[in-house]
file protein_39.csv (CSV, C-alpha atoms and all ligand atoms)
chain,number,residue,atom,x,y,z
E,108,MET,CA,107.3,-8.5,87.6
E,109,LEU,CA,105.6,-6.4,84.9
E,110,THR,CA,105.8,-7.9,81.5
E,111,VAL,CA,103.5,-5.5,79.7
E,112,LEU,CA,105.9,-3.1,78.1
E,113,LEU,CA,104.1,-1.2,75.5
E,114,MET,CA,101.0,0.9,75.8
E,115,GLY,CA,98.7,2.0,73.0
E,116,CYS,CA,99.4,5.5,72.0
E,117,ALA,CA,96.0,7.2,71.6
E,118,ALA,CA,96.5,10.0,69.2
E,119,GLU,CA,93.0,11.2,68.9
E,120,ASN,CA,93.9,14.3,67.0
E,121,GLY,CA,96.7,12.8,65.0
E,122,THR,CA,97.1,10.1,62.5
E,123,ARG,CA,98.8,6.9,63.4
E,124,ALA,CA,101.0,5.0,61.0
E,125,GLN,CA,103.8,2.5,60.8
E,126,ALA,CA,106.2,4.3,58.6
E,127,THR,CA,107.7,1.9,56.1
E,128,ASP,CA,110.4,4.3,54.9
E,129,SER,CA,113.5,4.0,57.1
E,130,GLU,CA,115.2,7.0,55.5
E,131,ARG,CA,113.0,9.5,57.2
E,132,GLY,CA,115.5,12.3,57.7
E,133,LYS,CA,116.7,13.9,60.9
E,134,THR,CA,115.6,12.9,64.4
E,135,LEU,CA,115.4,14.9,67.6
E,136,VAL,CA,115.1,13.3,71.0
E,137,ALA,CA,113.4,15.9,73.3
E,138,PHE,CA,113.6,14.9,77.0
E,139,TYR,CA,112.8,16.3,80.4
E,140,SER,CA,114.2,14.6,83.5
E,141,TYR,CA,113.9,15.6,87.1
E,142,THR,CA,115.7,12.7,88.8
E,143,GLY,CA,117.8,11.4,85.8
E,144,ASP,CA,115.8,8.4,84.5
E,145,CYS,CA,114.7,10.1,81.3
E,146,ARG,CA,118.3,11.4,80.8
E,147,GLN,CA,119.5,7.8,80.9
E,148,ILE,CA,116.9,6.6,78.5
E,149,THR,CA,117.8,9.4,76.1
E,150,GLU,CA,121.5,8.4,76.3
E,151,THR,CA,120.5,4.8,75.5
E,152,LEU,CA,118.4,6.0,72.5
E,153,THR,CA,121.1,8.1,71.1
E,154,GLY,CA,123.5,5.2,71.4
E,155,LEU,CA,121.2,3.3,69.2
E,156,ILE,CA,120.2,5.8,66.5
E,157,GLU,CA,121.5,8.9,65.0
E,158,ALA,CA,119.7,11.7,66.7
E,159,ASP,CA,120.1,15.2,68.1
E,160,VAL,CA,119.1,15.9,71.7
E,161,LEU,CA,117.1,18.7,73.3
E,162,GLU,CA,116.8,18.9,77.0
E,163,ILE,CA,113.7,20.7,78.3
E,164,GLN,CA,114.7,22.9,81.3
E,165,PRO,CA,112.2,24.6,83.7
E,166,ALA,CA,112.8,28.3,83.8
E,167,GLU,CA,112.8,28.3,87.6
E,168,LYS,CA,115.8,26.3,88.8
E,169,GLY,CA,116.1,24.2,91.9
E,170,LEU,CA,112.4,23.5,92.4
E,171,LYS,CA,111.6,20.4,94.5
E,172,TYR,CA,108.7,18.9,92.7
E,173,ASP,CA,108.6,15.9,95.1
E,174,ALA,CA,108.9,17.7,98.4
E,175,ASN,CA,106.1,17.7,100.9
E,176,GLY,CA,104.4,14.7,99.4
E,177,TYR,CA,105.0,15.9,95.8
E,178,ALA,CA,103.1,19.1,96.6
E,179,LEU,CA,104.6,21.3,93.9
E,180,GLY,CA,104.3,18.6,91.2
E,181,THR,CA,100.7,18.1,92.1
E,182,GLN,CA,100.0,21.8,92.1
E,183,LEU,CA,101.5,22.3,88.6
E,184,LEU,CA,99.5,19.5,87.2
E,185,ASN,CA,96.2,20.6,88.7
E,186,LYS,CA,96.8,24.1,87.2
E,187,ILE,CA,97.2,22.6,83.8
E,188,LYS,CA,94.2,20.3,84.3
E,189,ALA,CA,92.0,23.2,85.3
E,190,LYS,CA,92.7,25.2,82.1
E,191,PRO,CA,94.6,23.1,79.6
E,192,ASN,CA,94.1,25.7,76.8
E,193,ASP,CA,95.5,28.6,78.7
E,194,ALA,CA,99.2,29.3,78.2
E,195,ASN,CA,99.4,30.7,81.8
E,196,SER,CA,98.6,27.2,83.1
E,197,TYR,CA,101.9,25.8,82.0
E,198,PRO,CA,105.1,26.3,84.1
E,199,PRO,CA,107.6,28.4,82.1
E,200,ILE,CA,110.6,26.6,80.5
E,201,ASP,CA,113.8,28.0,79.1
E,202,PRO,CA,113.3,29.1,75.5
E,203,VAL,CA,114.0,26.4,73.0
E,204,THR,CA,116.6,27.7,70.5
E,205,THR,CA,116.9,24.5,68.5
E,206,ASP,CA,115.3,24.9,65.0
E,207,LEU,CA,112.6,22.2,65.1
E,208,SER,CA,111.8,22.7,61.5
E,209,VAL,CA,114.8,20.8,60.3
E,210,TYR,CA,113.6,17.6,62.0
E,211,ASP,CA,111.4,15.0,60.5
E,212,ASN,CA,111.1,12.7,63.6
E,213,PHE,CA,110.7,13.6,67.2
E,214,ILE,CA,111.1,11.2,70.1
E,215,ILE,CA,109.6,12.6,73.3
E,216,VAL,CA,111.1,11.2,76.5
E,217,THR,CA,109.1,12.2,79.6
E,218,PRO,CA,108.5,11.2,83.2
E,219,LEU,CA,105.0,10.4,84.4
E,220,TRP,CA,103.8,12.6,87.3
E,221,TRP,CA,100.6,11.5,89.0
E,222,SER,CA,99.7,9.5,85.9
E,223,GLN,CA,100.1,12.5,83.7
E,224,MET,CA,102.9,13.9,81.6
E,225,ALA,CA,105.4,15.8,83.7
E,226,ALA,CA,104.5,19.5,83.7
E,227,PRO,CA,107.6,20.9,82.0
E,228,MET,CA,107.3,18.5,79.1
E,229,GLN,CA,103.6,19.6,78.8
E,230,THR,CA,104.8,23.2,78.5
E,231,PHE,CA,107.2,22.2,75.7
E,232,LEU,CA,104.6,20.5,73.7
E,233,PHE,CA,102.0,23.3,74.4
E,234,ASN,CA,104.5,26.0,73.3
E,235,TYR,CA,106.3,24.2,70.4
E,236,GLY,CA,103.9,21.3,69.4
E,237,GLN,CA,102.7,23.3,66.4
E,238,GLN,CA,106.1,23.0,64.9
E,239,MET,CA,105.8,19.2,64.9
E,240,LYS,CA,102.7,19.2,62.8
E,241,GLY,CA,103.0,16.8,59.9
E,242,LYS,CA,106.1,15.2,61.5
E,243,HIS,CA,106.6,11.7,62.9
E,244,VAL,CA,106.5,11.4,66.6
E,245,ALA,CA,107.2,8.6,69.1
E,246,MET,CA,107.3,8.7,72.9
E,247,VAL,CA,109.0,7.0,75.8
E,248,VAL,CA,107.4,7.4,79.2
E,249,SER,CA,109.2,6.7,82.4
E,250,SER,CA,107.4,6.0,85.7
E,251,HIS,CA,108.0,4.2,88.9
E,252,SER,CA,105.1,1.8,88.3
E,253,SER,CA,102.0,3.7,87.2
E,254,SER,CA,100.8,2.8,83.7
E,255,ILE,CA,101.1,5.4,81.0
E,256,GLY,CA,97.6,5.8,79.5
E,257,GLY,CA,97.2,9.3,81.0
E,258,VAL,CA,100.5,10.5,79.5
E,259,VAL,CA,99.6,9.1,76.1
E,260,ALA,CA,96.3,11.1,76.4
E,261,ASP,CA,98.2,14.3,77.3
E,262,ALA,CA,100.4,13.8,74.2
E,263,GLY,CA,97.3,13.3,72.1
E,264,ARG,CA,95.8,16.5,73.4
E,265,LEU,CA,99.0,18.6,73.1
E,266,LEU,CA,100.2,17.3,69.7
E,267,THR,CA,97.8,17.6,66.9
E,268,LYS,CA,98.2,16.5,63.3
E,269,VAL,CA,101.3,14.5,63.9
E,270,THR,CA,101.9,11.0,62.7
E,271,TRP,CA,102.6,8.6,65.6
E,272,MET,CA,105.3,6.2,64.6
E,273,GLY,CA,104.0,3.4,66.9
E,274,ASP,CA,103.1,2.7,70.5
E,275,ALA,CA,104.8,4.5,73.3
E,276,LEU,CA,107.5,2.6,75.2
E,277,TRP,CA,107.0,2.3,78.9
E,278,ILE,CA,110.0,2.1,81.1
E,279,ASN,CA,109.4,1.5,84.8
E,280,SER,CA,111.2,0.2,87.9
E,281,SER,CA,110.6,-3.4,86.8
E,282,ASN,CA,112.1,-3.2,83.4
E,283,ARG,CA,114.5,-0.3,83.7
E,284,SER,CA,117.6,-2.6,83.8
E,285,ARG,CA,116.6,-3.8,80.4
E,286,THR,CA,116.2,-0.4,78.8
E,287,ALA,CA,118.8,-1.0,76.1
E,288,SER,CA,117.2,-4.2,74.7
E,289,LEU,CA,113.6,-2.8,75.1
E,290,ALA,CA,114.7,0.4,73.3
E,291,THR,CA,116.4,-1.6,70.5
E,292,ASP,CA,113.3,-3.7,69.9
E,293,TRP,CA,111.0,-0.7,70.1
E,294,LEU,CA,113.1,1.3,67.6
E,295,ASN,CA,113.1,-1.6,65.3
E,296,THR,CA,109.3,-1.7,65.4
E,297,LEU,CA,109.4,2.0,64.4
E,298,ASN,CA,111.6,1.2,61.4
E,299,PHE,CA,114.6,3.0,62.7
E,300,LYS,CA,116.5,-0.2,62.3
E,301,LYS,CA,118.1,0.5,58.9
E,302,ARG,CA,119.1,3.9,59.9
E,303,ASN,CA,121.5,2.8,62.5
E,304,MET,CA,124.4,0.4,62.3
E,305,GLU,CA,122.4,-2.8,62.1
E,306,THR,CA,123.8,-3.3,58.7
E,307,LYS,CA,127.4,-2.6,59.5
E,308,LYS,CA,129.5,-5.7,58.9
E,309,ILE,CA,132.8,-6.9,60.1
E,310,TYR,CA,134.6,-10.1,59.4
E,311,LEU,CA,135.4,-12.9,61.8
E,312,THR,CA,138.2,-15.4,60.9
E,313,VAL,CA,138.6,-18.5,63.0
E,314,ASP,CA,141.6,-20.6,62.2
E,315,GLY,CA,141.7,-19.4,58.6
E,316,THR,CA,137.9,-19.5,57.8
E,317,THR,CA,136.1,-16.2,57.5
E,318,ARG,CA,132.4,-15.3,58.0
E,319,SER,CA,130.7,-11.9,58.1
E,320,VAL,CA,129.1,-10.5,61.2
E,321,THR,CA,126.3,-7.9,61.5
E,322,LEU,CA,127.1,-5.5,64.3
E,323,ALA,CA,124.8,-4.2,66.9
E,324,ASP,CA,124.8,-0.4,67.3
E,325,ASN,CA,126.2,0.7,70.7
E,326,THR,CA,129.2,2.4,72.2
E,327,ALA,CA,131.1,-0.9,72.4
E,328,THR,CA,130.7,-1.7,68.6
E,329,ARG,CA,131.5,1.9,67.7
E,330,SER,CA,134.7,1.7,69.8
E,331,LEU,CA,135.5,-1.7,68.2
E,332,LEU,CA,135.0,-0.2,64.7
E,333,GLU,CA,137.4,2.6,65.6
E,334,ALA,CA,140.0,0.1,66.7
E,335,LEU,CA,139.5,-2.1,63.6
E,336,GLU,CA,139.9,1.0,61.4
E,337,LYS,CA,143.5,1.1,62.7
E,338,ASP,CA,144.2,-2.6,62.6
E,339,ALA,CA,142.7,-6.1,62.7
E,340,ILE,CA,142.4,-7.6,66.2
E,341,THR,CA,143.7,-11.2,66.7
E,342,TYR,CA,143.2,-13.1,69.9
E,343,GLU,CA,143.0,-16.6,71.2
E,344,ALA,CA,139.7,-18.1,72.2
E,345,ASP,CA,138.9,-21.4,74.0
E,346,ASP,CA,135.8,-23.4,74.7
E,347,TYR,CA,133.8,-22.8,77.8
E,348,GLY,CA,130.7,-24.4,79.2
E,349,GLY,CA,130.0,-26.4,76.0
E,350,PHE,CA,128.3,-23.4,74.4
E,351,GLU,CA,130.9,-20.8,73.6
E,352,LYS,CA,134.4,-19.8,72.6
E,353,VAL,CA,135.7,-17.0,74.8
E,354,GLY,CA,138.9,-15.1,74.8
E,355,GLY,CA,140.5,-11.8,76.0
E,356,LEU,CA,140.5,-9.0,73.3
E,357,GLY,CA,143.6,-7.4,74.7
E,358,ARG,CA,141.6,-4.2,75.2
E,359,SER,CA,138.5,-2.9,76.9
E,360,LEU,CA,135.4,-1.7,75.2
E,361,PRO,CA,132.6,0.4,76.8
E,362,THR,CA,129.9,-1.8,78.3
E,363,SER,CA,126.1,-1.5,78.4
E,364,ASN,CA,125.6,-4.8,80.1
E,365,GLU,CA,122.2,-6.4,80.4
E,366,ARG,CA,120.9,-9.9,81.1
E,367,ILE,CA,120.7,-11.6,77.7
E,368,THR,CA,119.8,-15.2,76.7
E,369,THR,CA,122.1,-15.9,73.8
E,370,VAL,CA,121.5,-17.9,70.7
E,371,PRO,CA,124.0,-19.6,68.4
E,372,GLY,CA,125.9,-17.0,66.4
E,373,ASP,CA,125.6,-14.3,69.0
E,374,ILE,CA,128.8,-12.4,69.8
E,375,MET,CA,128.9,-10.7,73.2
E,376,LEU,CA,131.3,-8.6,75.2
E,377,TYR,CA,131.8,-10.1,78.7
E,378,GLN,CA,133.3,-8.0,81.5
E,379,GLY,CA,134.3,-5.3,79.0
E,380,ASN,CA,137.4,-7.1,77.6
E,381,GLN,CA,136.4,-10.6,76.6
E,382,LEU,CA,134.6,-11.6,73.5
E,383,VAL,CA,132.3,-14.6,73.6
E,384,ILE,CA,131.1,-16.3,70.4
E,385,PHE,CA,128.2,-18.6,71.0
E,386,TYR,CA,127.6,-22.0,69.3
E,387,GLY,CA,125.1,-22.7,72.0
E,388,SER,CA,123.0,-20.7,74.5
E,389,ASN,CA,123.6,-19.1,77.8
E,390,GLN,CA,122.0,-16.4,80.0
E,391,TRP,CA,124.3,-13.8,81.5
E,392,SER,CA,125.1,-10.2,81.7
E,393,TYR,CA,126.6,-9.1,78.4
E,394,THR,CA,127.0,-6.2,76.0
E,395,ARG,CA,125.7,-7.2,72.5
E,396,ILE,CA,128.4,-7.0,69.8
E,397,GLY,CA,126.7,-8.7,66.9
E,398,GLN,CA,125.5,-11.9,65.1
E,399,ILE,CA,127.4,-14.1,62.7
E,400,ASP,CA,125.5,-14.0,59.5
E,401,SER,CA,123.5,-17.1,58.4
E,402,ALA,CA,124.4,-18.9,61.5
E,403,THR,CA,123.0,-22.3,62.5
E,404,ALA,CA,124.0,-24.4,65.5
E,405,ASP,CA,125.5,-27.0,63.1
E,406,ASN,CA,127.6,-24.7,60.8
E,407,LEU,CA,128.8,-22.8,63.8
E,408,LYS,CA,130.2,-25.9,65.6
E,409,THR,CA,132.3,-26.6,62.5
E,410,PHE,CA,133.3,-22.9,62.0
E,411,LEU,CA,134.2,-22.4,65.7
E,412,ARG,CA,135.8,-25.9,66.1
E,413,ALA,CA,133.4,-26.4,69.0
E,414,GLY,CA,134.9,-28.5,71.8
E,415,GLN,CA,138.3,-28.7,70.0
E,416,GLY,CA,140.2,-26.3,72.2
E,417,PRO,CA,142.0,-23.0,71.5
E,418,VAL,CA,141.5,-21.3,68.1
E,419,GLN,CA,142.9,-18.1,66.6
E,420,VAL,CA,140.2,-15.5,66.1
E,421,THR,CA,140.7,-12.4,64.0
E,422,LEU,CA,138.2,-9.5,63.7
E,423,SER,CA,138.7,-7.3,60.6
E,424,LEU,CA,136.9,-4.7,58.6
E,425,SER,CA,137.4,-6.4,55.3
E,426,THR,CA,137.7,-9.9,54.1
E,427,PRO,CA,141.3,-11.1,54.6
E,428,THR,CA,143.4,-11.5,51.4
E,429,ALA,CA,145.7,-14.3,50.6
E,430,ILE,CA,149.2,-13.9,51.9
E,431,ASP,CA,150.8,-14.1,48.4
E,432,LYS,CA,149.1,-10.9,47.5
E,433,ILE,CA,150.8,-9.0,50.3
E,434,ARG,CA,153.8,-7.0,49.2
E,435,ALA,CA,156.9,-7.6,51.4
E,436,LYS,CA,157.5,-3.8,51.6
E,437,ALA,CA,154.1,-3.1,53.1
E,438,ASP,CA,154.8,-5.6,55.8
E,439,ASP,CA,158.2,-4.3,56.9
E,440,ASP,CA,156.6,-2.5,59.8
E,441,ASN,CA,156.6,-5.2,62.5
E,442,THR,CA,153.1,-6.2,61.5
E,443,TYR,CA,152.2,-9.9,61.9
E,444,VAL,CA,150.5,-11.3,58.8
E,445,SER,CA,148.8,-14.6,59.4
E,446,LEU,CA,148.8,-17.4,56.8
E,447,SER,CA,145.3,-16.2,55.7
E,448,GLY,CA,146.6,-12.7,55.2
E,449,ILE,CA,145.3,-11.0,58.2
E,450,ARG,CA,147.4,-8.1,59.5
E,451,SER,CA,147.8,-7.4,63.2
E,452,THR,CA,150.2,-5.7,65.5
E,453,ARG,CA,149.7,-8.5,68.0
E,454,ALA,CA,149.8,-12.2,67.4
E,455,VAL,CA,148.7,-15.2,69.4
E,456,LYS,CA,149.6,-18.9,68.6
E,457,GLY,CA,150.2,-19.6,65.0
E,458,ILE,CA,152.5,-19.0,62.0
E,459,TYR,CA,153.0,-15.5,60.7
E,460,VAL,CA,155.0,-13.5,58.3
E,461,ARG,CA,156.7,-10.5,60.0
E,462,ASN,CA,159.1,-8.1,58.2
E,463,GLY,CA,159.3,-10.6,55.3
E,464,ARG,CA,160.2,-13.6,57.6
E,465,LYS,CA,158.2,-16.6,58.6
E,466,THR,CA,157.8,-16.7,62.3
E,467,ALA,CA,155.9,-18.9,64.8
E,468,LYS,CA,154.2,-17.7,67.9
L,1,LIG,C1,105.9,15.0,91.1
L,1,LIG,C2,106.1,13.5,90.8
L,1,LIG,C3,105.0,12.7,90.7
L,1,LIG,C4,105.2,11.3,90.4
L,1,LIG,N1,104.1,10.5,90.3
L,1,LIG,C5,104.3,9.2,90.0
L,1,LIG,C6,103.1,8.3,89.8
L,1,LIG,O1,102.0,8.7,90.0
L,1,LIG,N2,103.3,7.1,89.5
L,1,LIG,C7,104.6,6.5,89.3
L,1,LIG,O2,104.7,5.4,89.0
L,1,LIG,N3,105.7,7.3,89.4
L,1,LIG,C8,105.5,8.7,89.7
L,1,LIG,N4,106.6,9.5,89.9
L,1,LIG,C9,108.0,8.9,89.6
L,1,LIG,C10,108.5,9.1,88.2
L,1,LIG,O3,107.5,8.9,87.2
L,1,LIG,C11,109.7,8.2,87.9
L,1,LIG,O4,110.6,8.2,89.0
L,1,LIG,C12,110.4,8.6,86.7
L,1,LIG,O5,111.2,7.5,86.2
L,1,LIG,C13,111.2,9.9,86.9
L,1,LIG,O6,111.9,10.2,85.7
L,1,LIG,P1,113.1,11.3,85.8
L,1,LIG,O7,114.1,10.6,86.7
L,1,LIG,O8,113.6,11.4,84.4
L,1,LIG,O9,112.6,12.5,86.3
L,1,LIG,C14,106.5,10.8,90.2
L,1,LIG,C15,107.6,11.7,90.3
L,1,LIG,C16,107.4,13.0,90.6
L,1,LIG,C17,108.6,13.9,90.7

call {"tool": "encode", "arguments": {"input": "protein_39.csv", "output": "structure tokens"}}
result
Amino acid sequence: MLTVLLMGCAAENGTRAQATDSERGKTLVAFYSYTGDCRQITETLTGLIEADVLEIQPAEKGLKYDANGYALGTQLLNKIKAKPNDANSYPPIDPVTTDLSVYDNFIIVTPLWWSQMAAPMQTFLFNYGQQMKGKHVAMVVSSHSSSIGGVVADAGRLLTKVTWMGDALWINSSNRSRTASLATDWLNTLNFKKRNMETKKIYLTVDGTTRSVTLADNTATRSLLEALEKDAITYEADDYGGFEKVGGLGRSLPTSNERITTVPGDIMLYQGNQLVIFYGSNQWSYTRIGQIDSATADNLKTFLRAGQGPVQVTLSLSTPTAIDKIRAKADDDNTYVSLSGIRSTRAVKGIYVRNGRKTAK
């Protein structure tokens, strides 16, 4: 299995810099995809960062680049190779109507064809690369297995006077199933981290004690935030395997599962509708939800009452307030209010105030 994931990005004609400023303005992900891999990579990227998307489309539709032993693909690349400075060498693409001048960062997502950049993406960079001058550029290359040095060289030839944000990310058949975590790590090395939701916090209350959680940024956490904006979520969780507290959320969230080795404090979505909070470690297919802040194996065991059976877990957007601060009128709406002041439309085991009355569930 290939473990080398990143290739040096030779930008002979451009400068190369690790930007330190995370507030770099607008980002455009420009992708071309023939069989769908780069489309999927683009979807993953835009689930992780705020970015607009531009799809490069060949002007001539329905071409089979891979037919007859990849004959057409080969022919297009040979034409470019013979005269790389001649606009006629590049297969026409649909005109790009997106105003590139409003973007500060470009992420190019391209397939590799015969160890070169796929011809339609080369056309895009040849025709529009001038408009990226002085901007920050990063690249993701998708191949079956061939390494991406030739694509990096093509990018260096076609994009001059750009600032490369970092090394290109190489996705291939060996690591494709881990695209989400590879892209997350890669984006972090490009300092995109602070621009996404890494800093978004929610609160986790376990049997009355509350800790903050830093959320991951994905469709599951966005969906969770939407739900929490309406109401806190309370559910019951129990020990499993000597390393986690797990319980059904009472709803499903969108998954982007991948094989993850968890560490104490990790919060994962399991099978789309169960939340797993780790005080130990496990390796399984999960969607990352977040990390309990300042977690250590020891303080988590106390917080999660590890090994002590069912606990009541509440997820909320703000720190719960004490019950004596809650006005009775505000609670006359069938809402369950726990003894630590957490409001929810659903209650699991415990004592609540509902419509001004103490009630046990
Ligand atoms: C014309 C053509 C040539 C290709 N040449 C190679 C190659 O030399 N090495 C390789 O590993 N993959 C090669 N591939 C496979 C693609 O790089 C790979 O499937 C990629 O993930 C496709 O991305 P897409 O689905 O977004 O089009 C080629 C594909 C095509 C269509």

call {"tool": "residues_around", "arguments": {"input": "protein_39.csv", "residues": "Asn380 in chain E", "least_positions_apart": "4", "cutoff": "7 Å", "atoms": "all atoms listed in the file", "output": "PDB file with C-alpha atoms, in the coordinates of the input"}}
result
ATOM      1  CA  GLY E 355     140.500 -11.800  76.000  1.00  0.00           C
ATOM      2  CA  LEU E 356     140.500  -9.000  73.300  1.00  0.00           C
ATOM      3  CA  GLY E 357     143.600  -7.400  74.700  1.00  0.00           C
ATOM      4  CA  ARG E 358     141.600  -4.200  75.200  1.00  0.00           C
ATOM      5  CA  SER E 359     138.500  -2.900  76.900  1.00  0.00           C
ATOM      6  CA  LEU E 360     135.400  -1.700  75.200  1.00  0.00           C
ATOM      7  CA  LEU E 376     131.300  -8.600  75.200  1.00  0.00           C
TER       8      LEU E 376
END

call {"tool": "residues_around", "arguments": {"input": "protein_39.csv", "residues": "range 133-135 of chain E", "least_positions_apart": "6", "cutoff": "12 Å", "atoms": "all atoms listed in the file", "output": "MDAnalysis selection string"}}
result
chainID E and resid 149 152:153 156:162 205:216 239 242:246 299 302:303

call {"tool": "residues_around", "arguments": {"input": "protein_39.csv", "residues": "Phe385 in chain E", "least_positions_apart": "3", "cutoff": "8 Å", "atoms": "only C-alpha atoms", "output": "ChimeraX atom specification"}}
result
/E:350-352,369-374,388

call {"tool": "residues_near_ligand", "arguments": {"input": "protein_39.csv", "ligand": "ligand LIG 1 (chain L)", "cutoff": "6 Å", "atoms": "all atoms listed in the file", "output": "PyMOL selection string"}}
result
chain E and resi 140-146+172-173+177+180+218-222+249-253

call {"tool": "closest_residue", "arguments": {"input": "protein_39.csv", "among": "E:Thr267, E:Thr316, E:Thr403, E:Thr394", "to": "Val418 in chain E", "atoms": "all atoms listed in the file"}}
result
E:Thr316

call {"tool": "closest_residue", "arguments": {"input": "protein_39.csv", "among": "E:Lys168, E:Leu183, E:Tyr377, E:Phe231", "to": "Phe138 in chain E", "atoms": "all atoms listed in the file"}}
result
E:Phe231

call {"tool": "atom_distance", "arguments": {"input": "protein_39.csv", "atom1": "CA of Gly241 in chain E", "atom2": "CA of Ala194 in chain E"}}
result
22.5 Å

call {"tool": "residues_near_point", "arguments": {"input": "protein_39.csv", "point": "(127.7, -4.7, 66.0)", "cutoff": "7 Å", "atoms": "all atoms listed in the file", "output": "ChimeraX atom specification"}}
result
/E:305,307,321-324,328,396-397

call {"tool": "closest_residue", "arguments": {"input": "protein_39.csv", "among": "E:Ala137, E:Ala166, E:Ser319, E:Gln398", "to": "Gly236 in chain E", "atoms": "only C-alpha atoms"}}
result
E:Ala137

call {"tool": "atom_distance", "arguments": {"input": "protein_39.csv", "atom1": "CA of Leu311 in chain E", "atom2": "CA of Gln381 in chain E"}}
result
15.0 Å

call {"tool": "residues_near_point", "arguments": {"input": "protein_39.csv", "point": "(129.4, -31.9, 72.5)", "cutoff": "12 Å", "atoms": "only C-alpha atoms", "output": "VMD selection string"}}
result
chain E and resid 346 to 351 386 to 387 404 to 405 408 to 409 412 to 415
